[in-house]
$ cat target_15.pdb   # PDB, C-alpha atoms
ATOM      1  CA  MET A 109       6.933 -10.724  16.447
ATOM      2  CA  ARG A 110       5.637 -14.287  16.125
ATOM      3  CA  LYS A 111       2.961 -13.771  18.783
ATOM      4  CA  SER A 112       1.799 -10.497  17.277
ATOM      5  CA  PHE A 113       1.667 -12.184  13.859
ATOM      6  CA  VAL A 114      -0.626 -14.910  15.212
ATOM      7  CA  VAL A 115      -2.803 -12.215  16.821
ATOM      8  CA  TRP A 116      -3.122 -10.401  13.472
ATOM      9  CA  VAL A 117      -4.002 -13.670  11.702
ATOM     10  CA  GLY A 118      -6.753 -14.128  14.292
ATOM     11  CA  VAL A 119      -8.000 -10.568  13.795
ATOM     12  CA  ALA A 120      -8.106 -11.044  10.007
ATOM     13  CA  ALA A 121      -9.907 -14.388  10.381
ATOM     14  CA  ALA A 122     -12.492 -12.926  12.766
ATOM     15  CA  MET A 123     -13.120  -9.964  10.464
ATOM     16  CA  PHE A 124     -13.586 -12.200   7.424
ATOM     17  CA  VAL A 125     -15.988 -14.441   9.319
ATOM     18  CA  ILE A 126     -18.078 -11.373  10.290
ATOM     19  CA  ALA A 127     -17.821  -9.561   6.924
ATOM     20  CA  PRO A 128     -20.131 -11.832   4.849
ATOM     21  CA  PHE A 129     -22.900 -11.502   7.446
ATOM     22  CA  LEU A 130     -22.589  -7.702   7.326
ATOM     23  CA  VAL A 131     -22.589  -7.791   3.516
ATOM     24  CA  VAL A 132     -25.764  -9.875   3.520
ATOM     25  CA  ARG A 133     -27.457  -7.453   5.954
ATOM     26  CA  ALA A 134     -26.410  -4.348   3.975
ATOM     27  CA  PRO A 135     -29.209  -2.635   1.979
ATOM     28  CA  TYR A 136     -29.697  -3.578  -1.661
ATOM     29  CA  GLU A 137     -28.545  -1.049  -4.228
ATOM     30  CA  SER A 138     -31.570   0.299  -6.129
ATOM     31  CA  THR A 139     -30.705  -0.636  -9.717
ATOM     32  CA  MET A 140     -28.269  -3.520  -9.450
ATOM     33  CA  GLY A 141     -29.729  -5.556  -6.616
ATOM     34  CA  LEU A 142     -27.813  -8.571  -5.373
ATOM     35  CA  VAL A 143     -24.861  -8.339  -7.768
ATOM     36  CA  GLN A 144     -23.797  -5.035  -6.186
ATOM     37  CA  LYS A 145     -22.653  -7.072  -3.165
ATOM     38  CA  ILE A 146     -19.513  -7.957  -5.148
ATOM     39  CA  PHE A 147     -18.529  -4.311  -4.610
ATOM     40  CA  TYR A 148     -17.839  -4.942  -0.880
ATOM     41  CA  TYR A 149     -14.878  -7.171  -1.737
ATOM     42  CA  HIS A 150     -13.992  -5.898  -5.217
ATOM     43  CA  ALA A 151     -13.454  -2.231  -4.305
ATOM     44  CA  PRO A 152     -11.382  -2.853  -1.127
ATOM     45  CA  LEU A 153      -9.213  -5.264  -3.125
ATOM     46  CA  GLY A 154      -8.697  -2.485  -5.683
ATOM     47  CA  MET A 155      -7.769  -0.005  -2.946
ATOM     48  CA  LEU A 156      -5.307  -2.452  -1.405
ATOM     49  CA  MET A 157      -3.867  -3.163  -4.864
ATOM     50  CA  PHE A 158      -3.136   0.574  -5.184
ATOM     51  CA  LEU A 159      -1.631   0.678  -1.673
ATOM     52  CA  SER A 160       0.502  -2.368  -2.413
ATOM     53  CA  ALA A 161       1.791  -0.790  -5.637
ATOM     54  CA  PHE A 162       2.799   2.266  -3.588
ATOM     55  CA  VAL A 163       4.506   0.120  -0.927
ATOM     56  CA  SER A 164       6.408  -1.748  -3.638
ATOM     57  CA  GLY A 165       7.361   1.456  -5.460
ATOM     58  CA  ILE A 166       8.529   3.325  -2.341
ATOM     59  CA  ALA A 167      10.522   0.316  -1.126
ATOM     60  CA  ALA A 168      12.002  -0.053  -4.625
ATOM     61  CA  GLY A 169      13.054   3.612  -4.520
ATOM     62  CA  LEU A 170      14.772   3.058  -1.158
ATOM     63  CA  PHE A 171      16.517   0.006  -2.587
ATOM     64  CA  ILE A 172      17.719   1.862  -5.691
ATOM     65  CA  PHE A 173      19.044   4.884  -3.803
ATOM     66  CA  ASN A 174      20.204   3.289  -0.506
ATOM     67  CA  GLY A 175      20.809  -0.316  -1.561
ATOM     68  CA  ARG A 176      18.909  -1.691   1.435
ATOM     69  CA  ALA A 177      18.276  -5.422   1.019
ATOM     70  CA  SER A 178      15.318  -5.258   3.435
ATOM     71  CA  ALA A 179      13.666  -2.621   1.199
ATOM     72  CA  ASP A 180      14.133  -4.931  -1.792
ATOM     73  CA  ARG A 181      12.426  -7.767   0.078
ATOM     74  CA  ILE A 182       9.478  -5.508   0.958
ATOM     75  CA  SER A 183       9.255  -4.324  -2.649
ATOM     76  CA  LEU A 184       9.197  -7.892  -3.973
ATOM     77  CA  ALA A 185       6.629  -9.009  -1.390
ATOM     78  CA  ALA A 186       4.362  -6.040  -2.150
ATOM     79  CA  ALA A 187       4.722  -6.614  -5.914
ATOM     80  CA  GLU A 188       3.618 -10.227  -5.525
ATOM     81  CA  ILE A 189       0.573  -9.185  -3.505
ATOM     82  CA  THR A 190      -0.203  -6.434  -6.037
ATOM     83  CA  VAL A 191      -0.375  -9.131  -8.713
ATOM     84  CA  LEU A 192      -2.536 -11.348  -6.477
ATOM     85  CA  PHE A 193      -4.982  -8.591  -5.531
ATOM     86  CA  GLY A 194      -4.904  -7.235  -9.096
ATOM     87  CA  SER A 195      -5.837 -10.670 -10.451
ATOM     88  CA  LEU A 196      -8.758 -10.857  -8.027
ATOM     89  CA  VAL A 197      -9.911  -7.343  -8.974
ATOM     90  CA  LEU A 198      -9.705  -8.193 -12.675
ATOM     91  CA  ILE A 199     -11.701 -11.397 -12.181
ATOM     92  CA  THR A 200     -14.394 -10.126  -9.791
ATOM     93  CA  GLY A 201     -14.936  -6.870 -11.730
ATOM     94  CA  PRO A 202     -16.130  -8.632 -14.904
ATOM     95  CA  MET A 203     -18.423 -10.853 -12.802
ATOM     96  CA  TRP A 204     -20.150  -7.702 -11.607
ATOM     97  CA  ALA A 205     -20.011  -6.100 -15.071
ATOM     98  CA  ARG A 206     -21.691  -9.069 -16.752
ATOM     99  CA  LYS A 207     -24.826  -8.418 -14.724
ATOM    100  CA  ALA A 208     -24.598  -4.622 -14.439
ATOM    101  CA  TRP A 209     -23.431  -3.746 -17.971
ATOM    102  CA  GLY A 210     -24.358  -6.890 -19.900
ATOM    103  CA  VAL A 211     -20.746  -7.515 -20.949
ATOM    104  CA  TRP A 212     -17.811  -9.171 -19.231
ATOM    105  CA  TRP A 213     -15.255  -6.611 -20.361
ATOM    106  CA  GLN A 214     -15.125  -3.142 -21.853
ATOM    107  CA  TRP A 215     -11.920  -1.527 -23.136
ATOM    108  CA  ASP A 216     -12.571   1.705 -21.269
ATOM    109  CA  ALA A 217      -9.991   3.831 -19.438
ATOM    110  CA  ARG A 218     -10.376   2.343 -15.944
ATOM    111  CA  LEU A 219     -10.402  -1.295 -16.963
ATOM    112  CA  THR A 220      -7.588  -0.939 -19.476
ATOM    113  CA  SER A 221      -5.362   1.092 -17.129
ATOM    114  CA  SER A 222      -5.996  -1.391 -14.297
ATOM    115  CA  LEU A 223      -4.980  -4.212 -16.625
ATOM    116  CA  LEU A 224      -1.814  -2.265 -17.534
ATOM    117  CA  LEU A 225      -0.980  -1.736 -13.846
ATOM    118  CA  TRP A 226      -1.373  -5.466 -13.243
ATOM    119  CA  MET A 227       0.810  -6.234 -16.283
ATOM    120  CA  ILE A 228       3.559  -3.901 -15.025
ATOM    121  CA  PHE A 229       3.776  -5.837 -11.767
ATOM    122  CA  VAL A 230       3.638  -9.162 -13.608
ATOM    123  CA  ALA A 231       6.581  -7.796 -15.631
ATOM    124  CA  TYR A 232       8.314  -6.975 -12.336
ATOM    125  CA  LEU A 233       8.010 -10.594 -11.213
ATOM    126  CA  LEU A 234       9.109 -11.944 -14.616
ATOM    127  CA  VAL A 235      12.178  -9.686 -14.652
ATOM    128  CA  ARG A 236      12.926 -10.778 -11.119
ATOM    129  CA  ARG A 237      12.563 -14.464 -11.963
ATOM    130  CA  TYR A 238      14.318 -14.608 -15.331
ATOM    131  CA  GLY A 239      16.367 -11.377 -15.497
ATOM    132  CA  GLY A 240      19.600 -12.917 -14.197
ATOM    133  CA  PRO A 241      22.253 -10.896 -12.321
ATOM    134  CA  GLY A 242      21.228  -7.293 -11.677
ATOM    135  CA  SER A 243      17.550  -8.044 -12.121
ATOM    136  CA  ASP A 244      16.851  -6.730  -8.616
ATOM    137  CA  LYS A 245      17.695  -3.134  -9.629
ATOM    138  CA  LEU A 246      15.980  -3.500 -12.994
ATOM    139  CA  SER A 247      12.791  -4.813 -11.406
ATOM    140  CA  ALA A 248      12.925  -2.001  -8.818
ATOM    141  CA  ALA A 249      12.780   0.485 -11.706
ATOM    142  CA  VAL A 250       9.771  -1.386 -13.115
ATOM    143  CA  SER A 251       8.108  -1.105  -9.706
ATOM    144  CA  LEU A 252       8.630   2.671  -9.728
ATOM    145  CA  PHE A 253       6.826   2.849 -13.087
ATOM    146  CA  GLY A 254       4.039   0.735 -11.654
ATOM    147  CA  MET A 255       3.649   3.087  -8.702
ATOM    148  CA  ALA A 256       3.606   6.105 -11.026
ATOM    149  CA  ASN A 257       0.736   4.489 -12.936
ATOM    150  CA  VAL A 258      -1.528   4.282  -9.851
ATOM    151  CA  PRO A 259      -2.766   7.926  -9.802
ATOM    152  CA  PHE A 260      -3.681   7.644 -13.507
ATOM    153  CA  VAL A 261      -5.723   4.504 -12.841
ATOM    154  CA  TYR A 262      -7.442   6.215  -9.913
ATOM    155  CA  ILE A 263      -8.448   9.414 -11.756
ATOM    156  CA  SER A 264      -9.183   7.660 -15.054
ATOM    157  CA  VAL A 265     -12.893   7.366 -14.215
ATOM    158  CA  ASN A 266     -13.146  11.126 -13.635
ATOM    159  CA  VAL A 267     -11.086  12.280 -16.625
ATOM    160  CA  TRP A 268     -12.363   9.937 -19.332
ATOM    161  CA  ARG A 269     -15.887   8.764 -20.069
ATOM    162  CA  THR A 270     -16.090   5.235 -18.769
ATOM    163  CA  LEU A 271     -18.722   2.717 -17.798
ATOM    164  CA  HIS A 272     -16.974   2.138 -14.483
ATOM    165  CA  PRO A 273     -18.449   3.967 -11.452
ATOM    166  CA  LYS A 274     -16.626   7.182 -10.524
ATOM    167  CA  THR A 275     -14.461   7.807  -7.444
ATOM    168  CA  SER A 276     -17.373   9.722  -5.912
ATOM    169  CA  VAL A 277     -19.234   6.464  -5.220
ATOM    170  CA  VAL A 278     -17.365   5.571  -2.032
ATOM    171  CA  PRO A 279     -17.640   8.985  -0.286
ATOM    172  CA  THR A 280     -21.370   9.136  -1.071
ATOM    173  CA  LEU A 281     -22.283   5.624   0.079
ATOM    174  CA  GLN A 282     -25.552   5.392   1.974
ATOM    175  CA  PRO A 283     -25.521   4.667   5.714
ATOM    176  CA  GLY A 284     -25.773   0.913   6.104
ATOM    177  CA  MET A 285     -23.583   0.381   3.056
ATOM    178  CA  ARG A 286     -20.828   2.756   4.201
ATOM    179  CA  GLU A 287     -20.002   0.977   7.484
ATOM    180  CA  VAL A 288     -19.973  -2.435   5.827
ATOM    181  CA  PHE A 289     -17.737  -1.170   3.043
ATOM    182  CA  TRP A 290     -15.166   0.349   5.434
ATOM    183  CA  PHE A 291     -15.276  -2.780   7.599
ATOM    184  CA  CYS A 292     -14.350  -4.820   4.515
ATOM    185  CA  VAL A 293     -11.572  -2.329   3.685
ATOM    186  CA  ALA A 294     -10.197  -2.764   7.227
ATOM    187  CA  ALA A 295     -10.430  -6.574   6.931
ATOM    188  CA  PHE A 296      -8.523  -6.576   3.649
ATOM    189  CA  ALA A 297      -5.974  -4.133   5.095
ATOM    190  CA  VAL A 298      -5.285  -6.551   7.974
ATOM    191  CA  LEU A 299      -5.101  -9.475   5.522
ATOM    192  CA  TYR A 300      -2.702  -7.447   3.386
ATOM    193  CA  GLY A 301      -0.467  -6.779   6.413
ATOM    194  CA  VAL A 302      -0.446 -10.479   7.324
ATOM    195  CA  LEU A 303       0.398 -11.593   3.773
ATOM    196  CA  LEU A 304       3.084  -8.926   3.443
ATOM    197  CA  ALA A 305       4.712  -9.936   6.750
ATOM    198  CA  LEU A 306       4.622 -13.604   5.742
ATOM    199  CA  ARG A 307       6.152 -12.927   2.325
ATOM    200  CA  VAL A 308       8.837 -10.607   3.747
ATOM    201  CA  HIS A 309       9.732 -13.345   6.268
ATOM    202  CA  LEU A 310      10.101 -15.793   3.363
ATOM    203  CA  GLY A 311      12.419 -13.307   1.612
ATOM    204  CA  ALA A 312      14.532 -12.965   4.759
ATOM    205  CA  GLN A 313      14.841 -16.754   5.025
ATOM    206  CA  GLN A 314      15.860 -16.993   1.350
ATOM    207  CA  ALA A 315      18.503 -14.304   1.948
ATOM    208  CA  GLU A 316      19.809 -16.330   4.891
ATOM    209  CA  VAL A 317      20.109 -19.402   2.633
ATOM    210  CA  GLU A 318      22.158 -17.378   0.132
ATOM    211  CA  ARG A 319      24.376 -16.073   2.937
ATOM    212  CA  LEU A 320      25.001 -19.605   4.224
ATOM    213  CA  TYR A 321      25.895 -20.847   0.713
ATOM    214  CA  LEU A 322      28.481 -18.047   0.483
ATOM    215  CA  GLU A 323      29.827 -18.945   3.931
ATOM    216  CA  LEU A 324      30.072 -22.585   2.864
ATOM    217  CA  ASP A 325      31.989 -21.570  -0.284
ATOM    218  CA  ASP A 326      34.403 -19.465   1.784
ATOM    219  CA  ARG A 327      35.068 -22.394   4.131
ATOM    220  CA  SER A 328      35.619 -24.740   1.159
ATOM    221  CA  GLU A 329      38.207 -22.355  -0.310
ATOM    222  CA  LEU A 330      40.009 -22.010   3.030
ATOM    223  CA  SER A 331      40.233 -25.752   3.670
TER
ATOM    224  CA  MET B 751      10.385 -28.671  18.894
ATOM    225  CA  THR B 752      12.420 -28.050  15.713
ATOM    226  CA  LYS B 753      11.899 -25.097  13.413
ATOM    227  CA  THR B 754      10.428 -27.349  10.712
ATOM    228  CA  HIS B 755       7.846 -28.631  13.174
ATOM    229  CA  ARG B 756       6.998 -25.078  14.191
ATOM    230  CA  VAL B 757       6.573 -24.063  10.548
ATOM    231  CA  LYS B 758       4.402 -27.129   9.903
ATOM    232  CA  ARG B 759       2.259 -26.288  12.922
ATOM    233  CA  LEU B 760       1.954 -22.657  11.778
ATOM    234  CA  VAL B 761       0.937 -23.818   8.293
ATOM    235  CA  ARG B 762      -1.702 -26.148   9.769
ATOM    236  CA  VAL B 763      -3.107 -23.323  11.899
ATOM    237  CA  LEU B 764      -3.144 -21.003   8.874
ATOM    238  CA  ALA B 765      -4.894 -23.651   6.768
ATOM    239  CA  LEU B 766      -7.545 -24.150   9.464
ATOM    240  CA  VAL B 767      -8.100 -20.405   9.833
ATOM    241  CA  ALA B 768      -8.308 -20.024   6.072
ATOM    242  CA  ALA B 769     -10.838 -22.851   5.798
ATOM    243  CA  ILE B 770     -13.046 -21.211   8.453
ATOM    244  CA  MET B 771     -12.754 -17.878   6.665
ATOM    245  CA  ALA B 772     -13.644 -19.479   3.336
ATOM    246  CA  ALA B 773     -16.702 -21.181   4.844
ATOM    247  CA  ALA B 774     -18.095 -17.913   6.236
ATOM    248  CA  PRO B 775     -19.520 -16.588   2.919
ATOM    249  CA  LEU B 776     -21.370 -19.885   2.376
ATOM    250  CA  LEU B 777     -22.877 -19.716   5.867
ATOM    251  CA  ALA B 778     -23.837 -16.110   5.257
ATOM    252  CA  ALA B 779     -25.451 -17.011   1.930
ATOM    253  CA  ALA B 780     -27.483 -19.761   3.599
ATOM    254  CA  TRP B 781     -28.547 -17.289   6.267
ATOM    255  CA  GLN B 782     -29.558 -14.664   3.702
ATOM    256  CA  GLN B 783     -33.131 -13.416   3.509
ATOM    257  CA  PRO B 784     -34.880 -13.219   0.120
ATOM    258  CA  PRO B 785     -34.066  -9.848  -1.516
ATOM    259  CA  GLY B 786     -37.703  -8.776  -1.610
ATOM    260  CA  GLN B 787     -37.990  -9.046   2.165
ATOM    261  CA  THR B 788     -35.453  -6.364   3.101
ATOM    262  CA  GLU B 789     -36.565  -2.912   4.145
ATOM    263  CA  ALA B 790     -34.493  -1.319   1.393
ATOM    264  CA  ALA B 791     -36.223  -3.446  -1.217
ATOM    265  CA  ARG B 792     -39.660  -2.476   0.056
ATOM    266  CA  GLU B 793     -38.766   1.216  -0.348
ATOM    267  CA  GLY B 794     -39.120   1.304  -4.115
ATOM    268  CA  TYR B 795     -36.099  -0.567  -5.408
ATOM    269  CA  VAL B 796     -36.533  -2.217  -8.770
ATOM    270  CA  PRO B 797     -37.714  -5.791  -8.290
ATOM    271  CA  VAL B 798     -35.551  -7.946 -10.505
ATOM    272  CA  LYS B 799     -38.283 -10.575 -10.733
ATOM    273  CA  ASP B 800     -40.447  -8.101 -12.724
ATOM    274  CA  LEU B 801     -38.034  -8.194 -15.664
ATOM    275  CA  PRO B 802     -38.883 -10.451 -18.619
ATOM    276  CA  ALA B 803     -37.429 -13.920 -18.096
ATOM    277  CA  ALA B 804     -35.196 -13.576 -21.158
ATOM    278  CA  GLU B 805     -33.480 -10.524 -19.648
ATOM    279  CA  GLN B 806     -32.882 -11.990 -16.248
ATOM    280  CA  LEU B 807     -29.388 -13.093 -15.416
ATOM    281  CA  PRO B 808     -29.162 -14.740 -12.013
ATOM    282  CA  ALA B 809     -26.896 -12.663  -9.787
ATOM    283  CA  ALA B 810     -26.359 -15.202  -7.009
ATOM    284  CA  PRO B 811     -23.923 -17.445  -8.949
ATOM    285  CA  LEU B 812     -21.924 -14.358  -9.946
ATOM    286  CA  VAL B 813     -21.764 -13.051  -6.367
ATOM    287  CA  LEU B 814     -20.904 -16.436  -4.858
ATOM    288  CA  GLY B 815     -18.440 -17.048  -7.707
ATOM    289  CA  ALA B 816     -16.708 -13.718  -7.057
ATOM    290  CA  TYR B 817     -16.385 -14.425  -3.332
ATOM    291  CA  ALA B 818     -15.178 -17.976  -4.026
ATOM    292  CA  VAL B 819     -12.566 -16.756  -6.518
ATOM    293  CA  ILE B 820     -11.205 -14.333  -3.924
ATOM    294  CA  TRP B 821     -10.859 -17.055  -1.299
ATOM    295  CA  VAL B 822      -9.385 -19.584  -3.681
ATOM    296  CA  GLY B 823      -6.839 -16.962  -4.798
ATOM    297  CA  VAL B 824      -5.831 -16.034  -1.251
ATOM    298  CA  LEU B 825      -5.680 -19.678  -0.125
ATOM    299  CA  VAL B 826      -3.555 -20.709  -3.103
ATOM    300  CA  TYR B 827      -1.186 -17.818  -2.384
ATOM    301  CA  VAL B 828      -0.892 -18.747   1.324
ATOM    302  CA  TRP B 829      -0.299 -22.362   0.284
ATOM    303  CA  THR B 830       2.518 -21.367  -2.120
ATOM    304  CA  ILE B 831       4.165 -19.256   0.588
ATOM    305  CA  SER B 832       3.925 -22.082   3.132
ATOM    306  CA  ARG B 833       5.467 -24.521   0.630
ATOM    307  CA  ARG B 834       8.303 -22.134  -0.159
ATOM    308  CA  LEU B 835       8.840 -21.460   3.561
ATOM    309  CA  ALA B 836       8.989 -25.171   4.367
ATOM    310  CA  SER B 837      11.449 -25.752   1.521
ATOM    311  CA  VAL B 838      13.696 -22.851   2.603
ATOM    312  CA  ASP B 839      13.629 -24.024   6.231
ATOM    313  CA  ARG B 840      14.722 -27.520   5.167
ATOM    314  CA  GLU B 841      17.544 -25.988   3.129
ATOM    315  CA  LEU B 842      18.599 -23.825   6.086
ATOM    316  CA  ILE B 843      18.811 -26.841   8.391
ATOM    317  CA  THR B 844      20.903 -28.783   5.841
ATOM    318  CA  LEU B 845      23.266 -25.854   5.261
ATOM    319  CA  ARG B 846      23.757 -25.217   8.987
ATOM    320  CA  ARG B 847      24.563 -28.903   9.484
ATOM    321  CA  MET B 848      27.085 -28.795   6.620
ATOM    322  CA  ILE B 849      28.741 -25.690   8.078
ATOM    323  CA  ASP B 850      28.891 -27.260  11.548
ATOM    324  CA  THR B 851      30.558 -30.417  10.197
ATOM    325  CA  ARG B 852      33.275 -28.315   8.519
ATOM    326  CA  HIS B 853      34.262 -26.604  11.790
TER
END
$ encode --input "target_15.pdb" --output "structure tokens"
Amino acid sequence: MRKSFVVWVGVAAAMFVIAPFLVVRAPYESTMGLVQKIFYYHAPLGMLMFLSAFVSGIAAGLFIFNGRASADRISLAAAEITVLFGSLVLITGPMWARKAWGVWWQWDARLTSSLLLWMIFVAYLLVRRYGGPGSDKLSAAVSLFGMANVPFVYISVNVWRTLHPKTSVVPTLQPGMREVFWFCVAAFAVLYGVLLALRVHLGAQQAEVERLYLELDDRSELS
Amino acid sequence: MTKTHRVKRLVRVLALVAAIMAAAPLLAAAWQQPPGQTEAAREGYVPVKDLPAAEQLPAAPLVLGAYAVIWVGVLVYVWTISRRLASVDRELITLRRMIDTRH
């Protein structure tokens, strides 16, 4: 496990060293020019944010119905990474929009629903941190709502009139852009796996600490 | 080698890897050709330099800023995890010692 983890860290590092060079070599988009290069990191981060919300939601469902502690740890880890990736999406998007649209932010369907998705997972972490006893089940329910929100965020650009590019952009990417884009998606997917494994390991260690405290209490009562 | 040392070593390796990864976009930016020189740009793309000066917003700081924000975010997150891991490992060692002494 430890060796394979180090290998995956190396793979992620190598991919992120190569990625910027590929991004630089990719053709310029006709109307936006240089600023379109933000897309190669922004869009994969958005895709991984959606995936992470699903991982958190599915694990939360397993925790609610089966009571598996390992599922709860995965759900928490994925929720944290959803907030991280969501924050990065919400920061890098406006940096692109400022140049492409002339404004930092627009209250359109995609941007607003993405912000709501991010807020749901921030709520998950707040409930988890300050909710007291039973907050694990309560936050798992919040995670399920977050997961349910993902399809709405995804289709929002097709259903409502928005400034944000539609979902058809990725499938119709030009050769030269397409390979670079999917390489970046793969790099972020590996990074996501590494971060998730690291955070789940932290959760397992914290659970072990709690178990040892209980064991210590039991021994104190016996003696 | 104790577990704490192993964690510290892992954190150092992660920090080094992260620093290399963060430096890559800067190297790539330095290596970048001027936009007008690419084949795609020669094939009829709108030259940004033709816009009136008042309407031009430099894209490079936004692009570099976006990439920097991503790396700062990821690095800060890895740093928080490594801190929490180190703290939990210290607590684990203390607890195991306390349990052993009560045997």
$ resolve_selection --input "target_15.pdb" --expression "the PyMOL selection byres ((chain B and resi 836-838) around 9)" --output "PyMOL selection string"
(chain A and resi 310+313-314+317) or (chain B and resi 754+757-758+831-835+839-843)
$ resolve_selection --input "target_15.pdb" --expression "the ChimeraX specification (/B :<6) & /A" --output "list of chain:residue names"
A:Ala121, A:Phe124, A:Val125, A:Pro128, A:Phe129, A:Pro135, A:Ser138, A:Val143, A:Ile146, A:Leu196, A:Thr200, A:Met203, A:Leu310, A:Val317
$ atom_distance --input "target_15.pdb" --atom1 "CA of Val258 in chain A" --atom2 "CA of Phe193 in chain A"
14.0 Å
$ residues_around --input "target_15.pdb" --residues "Val230 in chain A" --least-positions-apart "4" --cutoff "8 Å" --atoms "all atoms listed in the file" --output "number ranges by chain"
A: 191, 226, 234
$ atom_distance --input "target_15.pdb" --atom1 "CA of Val265 in chain A" --atom2 "CA of Gln214 in chain A"
13.2 Å
$ atom_distance --input "target_15.pdb" --atom1 "CA of Ser243 in chain A" --atom2 "CA of Met157 in chain A"
23.1 Å
$ residues_around --input "target_15.pdb" --residues "range 293-307 of chain A" --least-positions-apart "3" --cutoff "9 Å" --atoms "only C-alpha atoms" --output "VMD selection string"
(chain A and resid 113 116 to 117 119 to 124 127 148 to 149 151 to 153 155 to 156 160 181 to 182 184 to 186 188 to 189 288 to 290 310 to 312) or (chain B and resid 827 to 828 831 to 832)
$ resolve_selection --input "target_15.pdb" --expression "the PyMOL selection byres ((chain A and resi 269-284) around 7)" --output "list in words"
Ala134, Pro135, Asp216, Ala217, Arg218, Val265, Asn266, Val267, Trp268, Met285, Arg286, Glu287 and Val288 of chain A
$ build_atoms --input "target_15.pdb" --residues "range 805-820 of chain B" --atoms "N, CA and C atoms" --output "mmCIF file, in the frame of the given file"
data_model
loop_
_atom_site.group_PDB
_atom_site.id
_atom_site.type_symbol
_atom_site.label_atom_id
_atom_site.label_comp_id
_atom_site.auth_asym_id
_atom_site.auth_seq_id
_atom_site.Cartn_x
_atom_site.Cartn_y
_atom_site.Cartn_z
ATOM 1 N N GLU B 805 -34.463 -11.544 -20.023
ATOM 2 C CA GLU B 805 -33.480 -10.524 -19.648
ATOM 3 C C GLU B 805 -32.900 -10.736 -18.262
ATOM 4 N N GLN B 806 -33.379 -11.767 -17.612
ATOM 5 C CA GLN B 806 -32.882 -11.990 -16.248
ATOM 6 C C GLN B 806 -31.631 -12.853 -16.256
ATOM 7 N N LEU B 807 -30.625 -12.335 -15.594
ATOM 8 C CA LEU B 807 -29.388 -13.093 -15.416
ATOM 9 C C LEU B 807 -29.239 -13.300 -13.914
ATOM 10 N N PRO B 808 -29.227 -14.535 -13.469
ATOM 11 C CA PRO B 808 -29.162 -14.740 -12.013
ATOM 12 C C PRO B 808 -27.886 -14.149 -11.427
ATOM 13 N N ALA B 809 -28.049 -13.349 -10.383
ATOM 14 C CA ALA B 809 -26.896 -12.663 -9.787
ATOM 15 C C ALA B 809 -26.180 -13.538 -8.766
ATOM 16 N N ALA B 810 -26.945 -14.419 -8.107
ATOM 17 C CA ALA B 810 -26.359 -15.202 -7.009
ATOM 18 C C ALA B 810 -25.120 -15.998 -7.422
ATOM 19 N N PRO B 811 -25.146 -16.707 -8.581
ATOM 20 C CA PRO B 811 -23.923 -17.445 -8.949
ATOM 21 C C PRO B 811 -22.734 -16.512 -9.172
ATOM 22 N N LEU B 812 -23.013 -15.308 -9.716
ATOM 23 C CA LEU B 812 -21.924 -14.358 -9.946
ATOM 24 C C LEU B 812 -21.345 -13.864 -8.616
ATOM 25 N N VAL B 813 -22.230 -13.550 -7.670
ATOM 26 C CA VAL B 813 -21.764 -13.051 -6.367
ATOM 27 C C VAL B 813 -20.985 -14.147 -5.625
ATOM 28 N N LEU B 814 -21.591 -15.330 -5.555
ATOM 29 C CA LEU B 814 -20.904 -16.436 -4.858
ATOM 30 C C LEU B 814 -19.608 -16.799 -5.579
ATOM 31 N N GLY B 815 -19.646 -16.761 -6.910
ATOM 32 C CA GLY B 815 -18.440 -17.048 -7.707
ATOM 33 C C GLY B 815 -17.330 -16.055 -7.412
ATOM 34 N N ALA B 816 -17.712 -14.769 -7.325
ATOM 35 C CA ALA B 816 -16.708 -13.718 -7.057
ATOM 36 C C ALA B 816 -16.070 -13.933 -5.687
ATOM 37 N N TYR B 817 -16.919 -14.214 -4.685
ATOM 38 C CA TYR B 817 -16.385 -14.425 -3.332
ATOM 39 C C TYR B 817 -15.526 -15.692 -3.283
ATOM 40 N N ALA B 818 -15.950 -16.726 -4.009
ATOM 41 C CA ALA B 818 -15.178 -17.976 -4.026
ATOM 42 C C ALA B 818 -13.822 -17.765 -4.693
ATOM 43 N N VAL B 819 -13.822 -17.021 -5.803
ATOM 44 C CA VAL B 819 -12.566 -16.756 -6.518
ATOM 45 C C VAL B 819 -11.571 -16.047 -5.601
ATOM 46 N N ILE B 820 -12.083 -15.086 -4.835
ATOM 47 C CA ILE B 820 -11.205 -14.333 -3.924
ATOM 48 C C ILE B 820 -10.570 -15.283 -2.912
#
